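See below for data_11.pdb, which holds PDB, C-alpha atoms.
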```
ATOM      1  CA  MET I   1     -23.589 -17.852  53.014
ATOM      2  CA  SER I   2     -20.094 -18.803  54.115
ATOM      3  CA  GLU I   3     -19.232 -20.950  57.095
ATOM      4  CA  PRO I   4     -18.323 -18.874  60.168
ATOM      5  CA  THR I   5     -14.634 -18.873  60.940
ATOM      6  CA  HIS I   6     -13.317 -20.247  64.170
ATOM      7  CA  PRO I   7     -10.180 -19.518  66.147
ATOM      8  CA  ALA I   8      -7.081 -21.548  65.412
ATOM      9  CA  PRO I   9      -6.524 -24.341  67.975
ATOM     10  CA  GLN I  10      -3.347 -22.642  69.249
ATOM     11  CA  ASP I  11      -4.967 -19.201  69.759
ATOM     12  CA  PHE I  12      -5.441 -19.420  73.543
ATOM     13  CA  ASP I  13      -6.494 -15.809  74.162
ATOM     14  CA  THR I  14      -9.268 -15.970  71.552
ATOM     15  CA  TRP I  15     -10.521 -19.300  72.928
ATOM     16  CA  ALA I  16     -10.443 -17.985  76.499
ATOM     17  CA  SER I  17     -12.373 -14.872  75.478
ATOM     18  CA  LEU I  18     -14.952 -16.935  73.604
ATOM     19  CA  ALA I  19     -15.409 -19.276  76.588
ATOM     20  CA  ALA I  20     -15.872 -16.288  78.901
ATOM     21  CA  THR I  21     -18.381 -14.474  76.671
ATOM     22  CA  ASP I  22     -20.294 -17.207  74.827
ATOM     23  CA  LEU I  23     -19.922 -20.725  76.208
ATOM     24  CA  ASP I  24     -22.319 -22.227  73.636
ATOM     25  CA  ALA I  25     -20.258 -20.800  70.759
ATOM     26  CA  PHE I  26     -17.081 -22.022  72.468
ATOM     27  CA  GLU I  27     -18.442 -25.586  72.745
ATOM     28  CA  TYR I  28     -19.690 -25.514  69.160
ATOM     29  CA  GLN I  29     -16.324 -24.374  67.816
ATOM     30  CA  ARG I  30     -14.471 -26.822  70.057
ATOM     31  CA  SER I  31     -16.504 -29.733  68.726
ATOM     32  CA  ARG I  32     -15.913 -28.584  65.123
ATOM     33  CA  ILE I  33     -12.142 -28.410  65.632
ATOM     34  CA  ILE I  34     -12.084 -31.855  67.254
ATOM     35  CA  GLU I  35     -14.208 -33.419  64.524
ATOM     36  CA  ALA I  36     -12.003 -31.861  61.830
ATOM     37  CA  ALA I  37      -8.925 -33.358  63.504
ATOM     38  CA  ILE I  38     -10.581 -36.779  63.706
ATOM     39  CA  ARG I  39     -11.574 -36.614  60.030
ATOM     40  CA  GLN I  40      -7.932 -35.907  59.128
ATOM     41  CA  ALA I  41      -6.752 -39.044  60.947
ATOM     42  CA  PRO I  42      -6.360 -42.306  59.029
ATOM     43  CA  THR I  43      -9.702 -44.053  58.542
ATOM     44  CA  ARG I  44      -8.624 -47.026  60.663
ATOM     45  CA  ASN I  45      -8.132 -44.727  63.691
ATOM     46  CA  ARG I  46     -11.263 -42.575  63.501
ATOM     47  CA  GLN I  47     -13.645 -44.770  65.479
ATOM     48  CA  ARG I  48     -11.109 -45.193  68.271
ATOM     49  CA  LEU I  49     -10.536 -41.423  68.344
ATOM     50  CA  ARG I  50     -14.285 -40.746  68.511
ATOM     51  CA  CYS I  51     -14.593 -43.191  71.408
ATOM     52  CA  LEU I  52     -11.692 -41.519  73.190
ATOM     53  CA  GLN I  53     -13.238 -38.078  72.656
ATOM     54  CA  TRP I  54     -16.564 -39.368  73.970
ATOM     55  CA  LYS I  55     -14.781 -40.594  77.097
ATOM     56  CA  LEU I  56     -13.034 -37.233  77.566
ATOM     57  CA  ASP I  57     -16.326 -35.393  77.131
ATOM     58  CA  ARG I  58     -17.964 -37.583  79.789
ATOM     59  CA  ILE I  59     -15.096 -36.789  82.164
ATOM     60  CA  ARG I  60     -15.711 -33.087  81.541
ATOM     61  CA  ASP I  61     -19.467 -33.540  82.028
ATOM     62  CA  THR I  62     -19.154 -35.362  85.348
ATOM     63  CA  ALA I  63     -16.287 -33.467  86.980
ATOM     64  CA  ARG I  64     -17.171 -30.895  89.638
ATOM     65  CA  THR I  65     -14.687 -28.385  88.248
ATOM     66  CA  PRO I  66     -12.487 -28.007  85.173
ATOM     67  CA  MET I  67      -9.435 -28.729  87.366
ATOM     68  CA  VAL I  68     -10.929 -32.043  88.503
ATOM     69  CA  ALA I  69     -11.596 -32.932  84.851
ATOM     70  CA  CYS I  70      -8.019 -32.028  83.973
ATOM     71  CA  LEU I  71      -6.638 -34.204  86.761
ATOM     72  CA  ARG I  72      -8.808 -37.162  85.731
ATOM     73  CA  MET I  73      -7.723 -36.834  82.111
ATOM     74  CA  ASN I  74      -4.096 -36.587  83.191
ATOM     75  CA  ARG I  75      -4.463 -39.778  85.242
ATOM     76  CA  MET I  76      -6.046 -41.501  82.245
ATOM     77  CA  LEU I  77      -3.097 -40.420  80.080
ATOM     78  CA  TRP I  78      -0.510 -41.727  82.530
ATOM     79  CA  GLU I  79      -2.347 -45.036  82.865
ATOM     80  CA  ALA I  80      -2.232 -45.383  79.076
ATOM     81  CA  VAL I  81       1.491 -44.693  79.120
ATOM     82  CA  ALA I  82       2.795 -46.321  82.281
ATOM     83  CA  SER I  83       0.420 -49.173  83.199
ATOM     84  CA  ASP I  84       1.329 -52.856  82.808
ATOM     85  CA  THR I  85      -0.305 -52.833  79.364
ATOM     86  CA  GLY I  86       0.568 -49.238  78.473
ATOM     87  CA  LEU I  87       2.774 -47.682  75.849
ATOM     88  CA  LEU I  88       6.012 -48.085  77.795
ATOM     89  CA  ALA I  89       5.411 -51.788  78.390
ATOM     90  CA  CYS I  90       4.626 -52.298  74.701
ATOM     91  CA  LEU I  91       7.754 -50.438  73.632
ATOM     92  CA  GLN I  92       9.907 -52.379  76.079
ATOM     93  CA  SER I  93       8.559 -55.710  74.877
ATOM     94  CA  ALA I  94       9.171 -54.665  71.269
ATOM     95  CA  THR I  95      12.800 -53.805  71.959
ATOM     96  CA  THR I  96      13.452 -57.024  73.877
ATOM     97  CA  GLY I  97      11.645 -59.195  71.368
ATOM     98  CA  GLY I  98       9.088 -60.272  73.938
ATOM     99  CA  GLU I  99       5.380 -60.585  73.525
ATOM    100  CA  ALA I 100       3.266 -57.473  73.944
ATOM    101  CA  PRO I 101       1.599 -57.325  77.356
ATOM    102  CA  ARG I 102      -2.029 -58.338  77.529
ATOM    103  CA  SER I 103      -4.745 -56.861  79.634
ATOM    104  CA  ARG I 104      -5.477 -58.804  82.753
ATOM    105  CA  ALA I 105      -8.795 -60.563  82.674
ATOM    106  CA  THR I 106     -11.297 -59.082  85.047
ATOM    107  CA  SER I 107     -14.471 -60.570  86.351
ATOM    108  CA  ALA I 108     -17.622 -58.985  87.552
ATOM    109  CA  LYS I 109     -20.833 -60.175  89.049
ATOM    110  CA  ILE I 110     -23.743 -59.307  86.790
ATOM    111  CA  ILE I 111     -26.634 -57.892  88.768
ATOM    112  CA  PRO I 112     -29.967 -57.953  86.933
ATOM    113  CA  LEU I 113     -31.879 -54.701  86.874
ATOM    114  CA  THR I 114     -35.310 -54.955  88.390
ATOM    115  CA  ARG I 115     -38.120 -52.553  87.906
ATOM    116  CA  ARG I 116     -39.600 -51.020  90.970
ATOM    117  CA  GLY I 117     -43.178 -50.676  90.826
TER     118      GLY I 117
END
```
Representation of the structure as structure tokens:
Amino acid sequence: MSEPTHPAPQDFDTWASLAATDLDAFEYQRSRIIEAAIRQAPTRNRQRLRCLQWKLDRIRDTARTPMVACLRMNRMLWEAVASDTGLLACLQSATTGGEAPRSRATSAKIIPLTRRG
């Protein structure tokens, strides 16, 4: 038996129709397309891409609406580009011969979990 075909990533109307009529099939096909793209990436990047996709999926899972998820993902993108340690800062330091920016150290108070009984 052959593998079922799935819509091409750029076929918006087919994806929209699938999401409207069969959300489980939509999610299944979406995950297959994403995994195929990750497998095509260089081996050294795959784990990082899987972690990024996990993070995006958690944003989708916890957002009240798809628009809220979209806005959160957009904010995450801009932080990766424009923050003090983002892409722009790295590119600027590379062109000026400076050192790449480092993440600022953060501290947190560790609170032990206690079992209520």
Nearest to Met76 (chain I) by atom-to-atom distance, counting all atoms listed in the file, from I:Ile33, I:Ile59, I:Leu49, I:Ala108: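 For Met76 (chain I), the nearest of the candidates is I:Ile59.
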Anything within 7 Å of (-15.8, -21.7, 69.4): list those residues as a PyMOL selection string, counting only C-alpha atoms and sticking to the file's coordinates. chain I and resi 6-7+15+18+25-30
Between CA of Thr43 (chain I) and CA of Thr62 (chain I), distance in Å (one decimal):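 Computing the Euclidean distance for CA of Thr43 (chain I) and CA of Thr62 (chain I) yields 29.7 Å.
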Figure out the distance between CA of Ala19 (chain I) and CA of Arg48 (chain I), please, to one decimal in Å.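 So the two atoms, CA of Arg48 (chain I) and CA of Ala19 (chain I), lie 27.6 Å apart.
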Could you tell me how far CA of Leu87 (chain I) sits from CA of Gln10 (chain I), in Å to one decimal place?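 Those two atoms sit 26.6 Å apart.
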For a quick check of understanding, using all atoms listed in the file, which of I:Phe12, I:Leu113, I:Ala80, I:Cys70 has the smallest distance to Leu52 (chain I)? I:Ala80
Would you please work out which residue, of I:Leu23, I:Ile111, I:Ala16, I:Leu56, is nearest to Ala69 (chain I) when using only C-alpha atoms?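 Using only C-alpha atoms, the shortest distance to Ala69 (chain I) belongs to I:Leu56.
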Go through I:Ala94, I:Thr21, I:Ile34, I:Ala63 and flag the residue nearest Arg50 (chain I), using all atoms listed in the file for the distances.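 Between I:Ala94, I:Thr21, I:Ile34, I:Ala63, the residue approaching Arg50 (chain I) most closely is I:Ile34.
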